[in-house]
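Below is the file run-v6.txt, which contains compact mmCIF, C-alpha atoms.
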# COMPACT_ATOMS: atom_id res chain seq x y z
CA PRO A 30 111.62 63.71 113.66
CA GLY A 31 113.10 61.47 110.98
CA THR A 32 112.70 63.86 108.06
CA HIS A 33 114.44 66.88 106.55
CA PHE A 34 111.22 68.13 104.95
CA ASP A 35 109.89 71.21 106.80
CA PHE A 36 106.16 70.48 107.04
CA GLY A 37 105.57 73.45 109.34
CA LYS A 38 106.41 76.04 106.69
CA ARG A 39 103.88 74.52 104.31
CA ILE A 40 100.76 74.51 106.46
CA ASP A 41 98.34 76.99 108.00
CA PRO A 42 96.12 75.20 110.56
CA LEU A 43 93.36 77.78 110.12
CA LEU A 44 93.19 76.88 106.42
CA ASN A 45 92.92 73.18 107.22
CA SER A 46 89.29 72.18 107.66
CA ALA A 47 90.01 69.52 110.32
CA ALA A 48 92.10 71.81 112.53
CA ALA A 49 89.85 74.83 111.98
CA ALA A 50 86.75 72.82 112.94
CA GLY A 51 88.24 71.99 116.33
CA ILE A 52 89.63 75.47 116.93
CA MET A 53 86.33 77.15 116.04
CA TRP A 54 84.37 74.70 118.23
CA ILE A 55 86.51 75.58 121.24
CA SER A 56 86.36 79.32 120.49
CA ARG A 57 82.56 79.34 120.18
CA ASN A 58 81.96 77.27 123.29
CA PHE A 59 84.46 79.22 125.39
CA LEU A 60 82.11 82.20 125.13
CA GLU A 61 79.33 80.30 126.90
CA ALA A 62 81.10 80.73 130.24
CA PRO A 63 80.29 84.22 131.61
CA VAL A 64 83.10 86.38 132.95
CA MET A 65 82.91 86.57 136.74
CA VAL A 66 84.98 88.39 139.38
CA PHE A 67 85.19 87.17 142.97
CA GLU A 68 86.47 88.84 146.11
CA ARG A 69 87.95 86.45 148.64
CA LYS A 70 87.14 87.43 152.22
CA PRO A 71 89.54 86.83 155.14
CA ASP A 72 87.49 83.78 156.14
CA GLY A 73 88.00 82.27 152.67
CA LEU A 74 84.47 82.98 151.45
CA GLU A 75 84.30 84.17 147.82
CA VAL A 76 81.79 86.92 147.07
CA THR A 77 80.72 87.73 143.49
CA GLN A 78 81.48 91.28 142.30
CA SER A 79 78.87 91.58 139.57
CA ASP A 80 79.50 95.28 138.89
CA HIS A 81 83.30 95.11 138.81
CA ASP A 82 85.02 97.38 136.27
CA LEU A 83 86.87 94.40 134.74
CA ILE A 84 83.57 92.79 133.68
CA LYS A 85 82.52 96.01 131.97
CA LEU A 86 85.92 96.37 130.29
CA LEU A 87 85.92 92.80 129.00
CA ALA A 88 82.41 93.29 127.61
CA LYS A 89 83.67 96.19 125.47
CA PRO A 90 87.48 96.16 125.51
CA THR A 91 87.88 98.67 122.64
CA PRO A 92 85.55 101.01 120.76
CA PHE A 93 85.94 98.79 117.68
CA TYR A 94 85.16 95.23 118.77
CA SER A 95 83.38 93.38 121.55
CA GLY A 96 84.70 91.18 124.30
CA ALA A 97 83.44 88.09 122.46
CA VAL A 98 85.60 88.95 119.46
CA LEU A 99 88.60 89.55 121.73
CA MET A 100 88.10 86.22 123.51
CA MET A 101 87.76 84.25 120.26
CA ALA A 102 90.97 85.81 118.95
CA LEU A 103 92.81 84.96 122.18
CA VAL A 104 91.57 81.36 122.26
CA THR A 105 92.47 80.87 118.59
CA ASP A 106 96.02 82.16 119.14
CA LEU A 107 96.40 80.07 122.28
CA ILE A 108 95.47 76.89 120.40
CA LEU A 109 97.48 77.71 117.27
CA ASP A 110 100.68 78.86 118.94
CA GLY A 111 100.38 78.28 122.67
CA ASN A 112 100.57 82.04 123.28
CA ALA A 113 98.01 84.84 123.31
CA TYR A 114 98.60 88.51 124.05
CA ILE A 115 96.59 91.52 125.24
CA LEU A 116 97.90 95.07 125.28
CA LYS A 117 96.76 97.22 128.20
CA VAL A 118 95.96 100.85 127.31
CA ARG A 119 95.80 103.39 130.13
CA ASN A 120 94.57 106.98 130.23
CA GLY A 121 96.56 110.00 131.41
CA VAL A 122 96.14 109.13 135.09
CA GLY A 123 97.15 105.49 134.61
CA ARG A 124 93.65 103.99 134.67
CA LEU A 125 93.13 100.92 132.50
CA VAL A 126 90.63 101.90 129.79
CA GLU A 127 91.15 99.51 126.84
CA LEU A 128 92.36 95.98 126.07
CA TRP A 129 93.68 95.24 122.56
CA TRP A 130 94.46 91.88 121.02
CA ILE A 131 97.96 91.55 119.56
CA PRO A 132 98.41 88.69 117.05
CA GLN A 133 100.89 86.20 118.45
CA GLY A 134 103.08 86.36 115.36
CA LEU A 135 103.81 90.06 115.90
CA ILE A 136 105.05 90.05 119.51
CA LYS A 137 107.65 88.14 121.47
CA PRO A 138 108.92 88.26 125.08
CA LYS A 139 112.59 89.18 125.47
CA GLY A 140 115.00 88.80 128.35
CA GLY A 141 118.18 87.13 129.52
CA ASP A 142 121.75 88.26 130.01
CA GLN A 143 121.53 90.91 127.29
CA ASP A 144 118.67 92.54 129.21
CA GLY A 145 120.11 92.65 132.71
CA GLY A 146 119.37 89.02 133.46
CA ALA A 147 115.61 89.51 133.77
CA PHE A 148 113.52 86.51 132.78
CA ILE A 149 111.30 88.85 130.74
CA SER A 150 112.55 92.44 130.54
CA HIS A 151 110.16 93.59 127.79
CA TYR A 152 107.99 92.55 124.87
CA GLU A 153 108.96 93.39 121.30
CA TYR A 154 106.00 94.25 119.08
CA ARG A 155 106.67 94.41 115.34
CA PRO A 156 103.58 95.76 113.56
CA GLY A 157 105.70 96.93 110.63
CA PRO A 158 109.31 97.81 109.84
CA GLY A 159 109.88 99.30 113.31
CA VAL A 160 109.90 97.76 116.79
CA VAL A 161 107.80 98.87 119.76
CA ARG A 162 108.93 97.82 123.24
CA TYR A 163 106.37 97.24 125.99
CA LYS A 164 107.01 96.69 129.69
CA PRO A 165 105.82 93.33 131.05
CA GLU A 166 103.14 95.07 133.13
CA ASP A 167 101.57 96.44 129.93
CA ILE A 168 101.07 93.01 128.37
CA VAL A 169 98.82 90.13 129.39
CA HIS A 170 100.59 87.01 128.18
CA VAL A 171 98.51 83.81 128.29
CA ARG A 172 100.48 80.59 127.77
CA PHE A 173 99.62 76.97 127.08
CA GLY A 174 102.18 75.30 129.32
CA LEU A 175 105.84 76.12 128.66
CA ASP A 176 107.97 75.52 125.59
CA PRO A 177 111.12 73.61 126.62
CA ASP A 178 113.03 75.33 123.81
CA ASN A 179 112.08 78.79 125.13
CA MET A 180 110.52 78.86 128.60
CA ARG A 181 109.35 82.46 128.12
CA VAL A 182 106.59 81.22 125.82
CA GLY A 183 104.00 78.45 125.69
CA ARG A 184 103.74 75.62 123.19
CA SER A 185 100.66 74.58 121.24
CA PRO A 186 99.75 70.87 121.23
CA LEU A 187 98.90 71.28 117.53
CA LYS A 188 102.63 71.51 116.80
CA SER A 189 102.70 67.76 117.32
CA ALA A 190 100.22 67.35 114.45
CA ILE A 191 102.10 69.30 111.78
CA ARG A 192 102.61 66.26 109.54
CA GLU A 193 99.00 65.12 110.00
CA ILE A 194 97.73 68.58 108.99
CA TRP A 195 100.04 68.57 105.96
CA THR A 196 98.85 65.06 105.03
CA ASP A 197 95.21 66.13 105.21
CA ASP A 198 95.94 69.22 103.10
CA GLU A 199 97.69 67.14 100.46
CA ALA A 200 94.86 64.60 100.37
CA ALA A 201 92.35 67.43 99.87
CA ASN A 202 94.53 68.99 97.17
CA PHE A 203 94.90 65.64 95.41
CA SER A 204 91.14 65.03 95.33
CA ALA A 205 90.42 68.57 94.18
CA SER A 206 93.08 68.40 91.47
CA ILE A 207 91.71 65.12 90.15
CA LEU A 208 88.22 66.59 89.94
CA ARG A 209 89.48 69.81 88.39
CA ASN A 210 91.83 68.30 85.84
CA LEU A 211 89.91 65.12 85.06
CA GLY A 212 86.39 66.46 84.82
CA VAL A 213 87.03 65.34 81.25
CA PRO A 214 88.01 61.64 81.57
CA GLY A 215 91.76 61.14 81.50
CA VAL A 216 92.29 59.09 78.35
CA ILE A 217 94.72 58.33 75.58
CA ILE A 218 93.06 58.30 72.13
CA SER A 219 95.03 56.68 69.33
CA PRO A 220 94.26 55.17 65.92
CA LYS A 221 94.28 51.37 65.82
CA ASP A 222 96.32 51.39 62.63
CA SER A 223 99.87 52.39 63.50
CA MET A 224 100.49 53.34 59.87
CA VAL A 225 97.89 56.12 59.94
CA SER A 226 99.44 59.59 59.81
CA VAL A 227 97.88 62.05 62.27
CA THR A 228 98.50 65.79 61.95
CA GLN A 229 98.54 68.30 64.80
CA ASP A 230 95.27 69.73 63.49
CA ASP A 231 93.71 66.26 63.72
CA ILE A 232 94.95 65.93 67.32
CA GLU A 233 93.52 69.28 68.38
CA ALA A 234 90.21 68.53 66.65
CA VAL A 235 89.84 65.20 68.47
CA LYS A 236 90.78 66.77 71.83
CA ALA A 237 88.26 69.56 71.34
CA ARG A 238 85.54 67.11 70.35
CA TRP A 239 86.24 64.84 73.31
CA ARG A 240 86.18 67.74 75.78
CA SER A 241 82.96 69.15 74.37
CA THR A 242 81.36 65.70 74.53
CA PHE A 243 82.44 64.76 78.05
CA GLY A 244 83.13 68.07 79.77
CA GLY A 245 80.90 69.78 82.33
CA ASP A 246 77.30 68.56 82.35
CA ASN A 247 78.01 66.18 79.44
CA ARG A 248 79.91 63.70 81.58
CA GLY A 249 78.87 60.16 80.65
CA ASP A 250 77.68 61.07 77.12
CA VAL A 251 78.32 58.80 74.13
CA ALA A 252 81.19 59.31 71.70
CA VAL A 253 81.21 57.87 68.17
CA MET A 254 84.55 57.78 66.39
CA THR A 255 84.74 57.84 62.58
CA GLY A 256 87.53 55.28 62.32
CA PRO A 257 89.09 52.36 64.21
CA THR A 258 90.23 53.95 67.47
CA ASP A 259 91.78 52.85 70.77
CA VAL A 260 90.60 54.68 73.89
CA LYS A 261 92.52 53.94 77.09
CA VAL A 262 90.99 55.41 80.25
CA LEU A 263 93.53 56.74 82.73
CA SER A 264 91.21 58.48 85.17
CA PHE A 265 90.50 57.24 88.68
CA SER A 266 87.28 55.52 89.64
CA PRO A 267 85.37 56.83 92.69
CA ALA A 268 86.63 53.84 94.65
CA GLN A 269 90.22 54.62 93.69
CA MET A 270 89.72 58.24 94.72
CA ASP A 271 88.39 57.29 98.17
CA LEU A 272 90.87 58.83 100.62
CA SER A 273 88.61 58.58 103.66
CA MET A 274 90.98 56.26 105.54
CA LEU A 275 93.96 58.50 104.82
CA ARG A 276 92.04 61.59 105.97
CA GLY A 277 90.60 59.86 109.02
CA LEU A 278 93.97 59.60 110.80
CA PRO A 279 94.60 63.39 110.88
CA GLU A 280 91.05 63.92 112.16
CA GLU A 281 91.62 61.53 115.04
CA ARG A 282 94.99 62.95 116.07
CA ILE A 283 93.98 66.60 115.71
CA SER A 284 90.86 66.11 117.82
CA ALA A 285 92.87 64.17 120.42
CA LEU A 286 95.45 66.95 120.71
CA LEU A 287 92.72 69.59 120.98
CA GLY A 288 91.07 67.59 123.75
CA VAL A 289 87.70 67.48 121.99
CA PRO A 290 86.22 64.10 120.94
CA ALA A 291 85.97 63.69 117.17
CA ALA A 292 82.22 62.98 117.40
CA VAL A 293 81.63 66.26 119.26
CA ILE A 294 83.30 68.28 116.50
CA GLY A 295 81.34 66.33 113.88
CA PHE A 296 84.21 64.35 112.36
CA GLY A 297 83.21 61.19 110.52
CA THR A 298 85.82 59.15 112.40
CA GLY A 299 84.10 59.94 115.68
CA ILE A 300 80.58 59.46 114.42
CA ALA A 301 81.49 56.07 112.94
CA GLN A 302 82.55 54.89 116.42

If you convert what's in this file into structure tokens, what do you get?
Amino acid sequence: PGTHFDFGKRIDPLLNSAAAAGIMWISRNFLEAPVMVFERKPDGLEVTQSDHDLIKLLAKPTPFYSGAVLMMALVTDLILDGNAYILKVRNGVGRLVELWWIPQGLIKPKGGDQDGGAFISHYEYRPGPGVVRYKPEDIVHVRFGLDPDNMRVGRSPLKSAIREIWTDDEAANFSASILRNLGVPGVIISPKDSMVSVTQDDIEAVKARWRSTFGGDNRGDVAVMTGPTDVKVLSFSPAQMDLSMLRGLPEERISALLGVPAAVIGFGTGIAQ
């Protein structure tokens, strides 16, 4: 709200260290809870079914990855987008034999008046140029609440932190750019005598000498100029480059939206408190 700049198109939460730290913490810890199946008896008593086929299937949902990998992918999608999808694969007699993760960006539920009025008539999967349609009974669709703009899908709480994620990205980019571009101190070197004529060759020679003297491991070395020279430093001091307060706000809001205290994830803002 209040801006025409589209922050959402310029971020990837998984490439933001603050968001990724929270997402990965939840994904790792989700696996600590074992999968269990219960049968509820007529008297209300729940009996554990330790040898149920679903437990075996979730332990090895496909020949190519384990149940832990499937669960981490689902949890990550659920946090990022508010939606996670599993494709059910059946054999020739209709028995469920495999469960495949479908990335949330490749599949969408469809329905409405154009599809006979059904709330969800099918799912459209777009792995490439073509479209594959799946019946609702062939897809497991896990939602985080409901999106008021489209009640067929969920909505991630991280969508409320888009600007904070962008701000943290820009602060990281700014610090990295300063260190990359000003590993050689940012300075203006000029002769004290304004009447001195300086050629382009002289300029390039001074620049090369300055870089070789102060670049890389030579930072902080001593330079001796052969004539009266003004050197004006333009680079930032460590104190001026301190963006900890600016980066602390995204940490706090991202951890709050994920529902994990900042100290638990290891954020400095949480540890400081």

field: Option closest in space to Val251 (chain A), from A:Arg238, A:Gly277, A:Ile232, A:Tyr154 [counting only C-alpha atoms]
entry: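 Among the listed residues, A:Arg238 lies closest to Val251 (chain A).
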
- request: Kindly extract all protein, DNA and RNA residues lying within 7 Å of the coordinates (93.8, 91.6, 120.6) given in the file, considering only C-alpha atoms, and supply them as a VMD selection string.
  value: chain A and resid 99 102 to 103 114 to 115 129 to 132

When you look at region 51-65 of chain A with a cut-off of 10 Å (counting all atoms listed in the file), what residues show up, excluding the ones that are within fewer than 6 positions of it in the same chain? I need them as an mmCIF file with C-alpha atoms, keeping the file's coordinate frame.
data_model
loop_
_atom_site.group_PDB
_atom_site.id
_atom_site.type_symbol
_atom_site.label_atom_id
_atom_site.label_comp_id
_atom_site.auth_asym_id
_atom_site.auth_seq_id
_atom_site.Cartn_x
_atom_site.Cartn_y
_atom_site.Cartn_z
ATOM 1 C CA PRO A 42 96.120 75.200 110.560
ATOM 2 C CA LEU A 43 93.360 77.780 110.120
ATOM 3 C CA THR A 77 80.720 87.730 143.490
ATOM 4 C CA GLN A 78 81.480 91.280 142.300
ATOM 5 C CA SER A 79 78.870 91.580 139.570
ATOM 6 C CA ASP A 80 79.500 95.280 138.890
ATOM 7 C CA HIS A 81 83.300 95.110 138.810
ATOM 8 C CA LEU A 83 86.870 94.400 134.740
ATOM 9 C CA ILE A 84 83.570 92.790 133.680
ATOM 10 C CA LYS A 85 82.520 96.010 131.970
ATOM 11 C CA LEU A 87 85.920 92.800 129.000
ATOM 12 C CA ALA A 88 82.410 93.290 127.610
ATOM 13 C CA GLY A 96 84.700 91.180 124.300
ATOM 14 C CA ALA A 97 83.440 88.090 122.460
ATOM 15 C CA VAL A 98 85.600 88.950 119.460
ATOM 16 C CA MET A 100 88.100 86.220 123.510
ATOM 17 C CA MET A 101 87.760 84.250 120.260
ATOM 18 C CA ALA A 102 90.970 85.810 118.950
ATOM 19 C CA LEU A 103 92.810 84.960 122.180
ATOM 20 C CA VAL A 104 91.570 81.360 122.260
ATOM 21 C CA THR A 105 92.470 80.870 118.590
ATOM 22 C CA ASP A 106 96.020 82.160 119.140
ATOM 23 C CA LEU A 107 96.400 80.070 122.280
ATOM 24 C CA ILE A 108 95.470 76.890 120.400
ATOM 25 C CA LEU A 109 97.480 77.710 117.270
ATOM 26 C CA GLU A 280 91.050 63.920 112.160
ATOM 27 C CA ILE A 283 93.980 66.600 115.710
ATOM 28 C CA SER A 284 90.860 66.110 117.820
ATOM 29 C CA ALA A 285 92.870 64.170 120.420
ATOM 30 C CA LEU A 286 95.450 66.950 120.710
ATOM 31 C CA LEU A 287 92.720 69.590 120.980
ATOM 32 C CA GLY A 288 91.070 67.590 123.750
ATOM 33 C CA VAL A 289 87.700 67.480 121.990
ATOM 34 C CA PRO A 290 86.220 64.100 120.940
ATOM 35 C CA ALA A 291 85.970 63.690 117.170
ATOM 36 C CA VAL A 293 81.630 66.260 119.260
ATOM 37 C CA ILE A 294 83.300 68.280 116.500
ATOM 38 C CA GLY A 295 81.340 66.330 113.880
ATOM 39 C CA PHE A 296 84.210 64.350 112.360
#

message: Report, in Å to a single decimal, how far apart CA of Trp195 (chain A) and CA of Arg282 (chain A) are.
response: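 It comes out at 12.6 Å.
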
field: Length of the CA of Pro257 (chain A) to CA of Val225 (chain A) vector [Å]
entry: 10.5 Å

- request: For CA of Glu153 (chain A) and CA of Pro165 (chain A), quote the distance in Å rounded to one decimal.
  value: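 If I compute the distance from CA of Glu153 (chain A) to CA of Pro165 (chain A), I get 10.2 Å.
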
- prompt: Counting only C-alpha atoms, which of A:Ile217, A:Phe148, A:Gly159, A:Phe173 gets nearest to Leu135 (chain A)?
  reply: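 Distance minimum relative to Leu135 (chain A) lands on A:Gly159.
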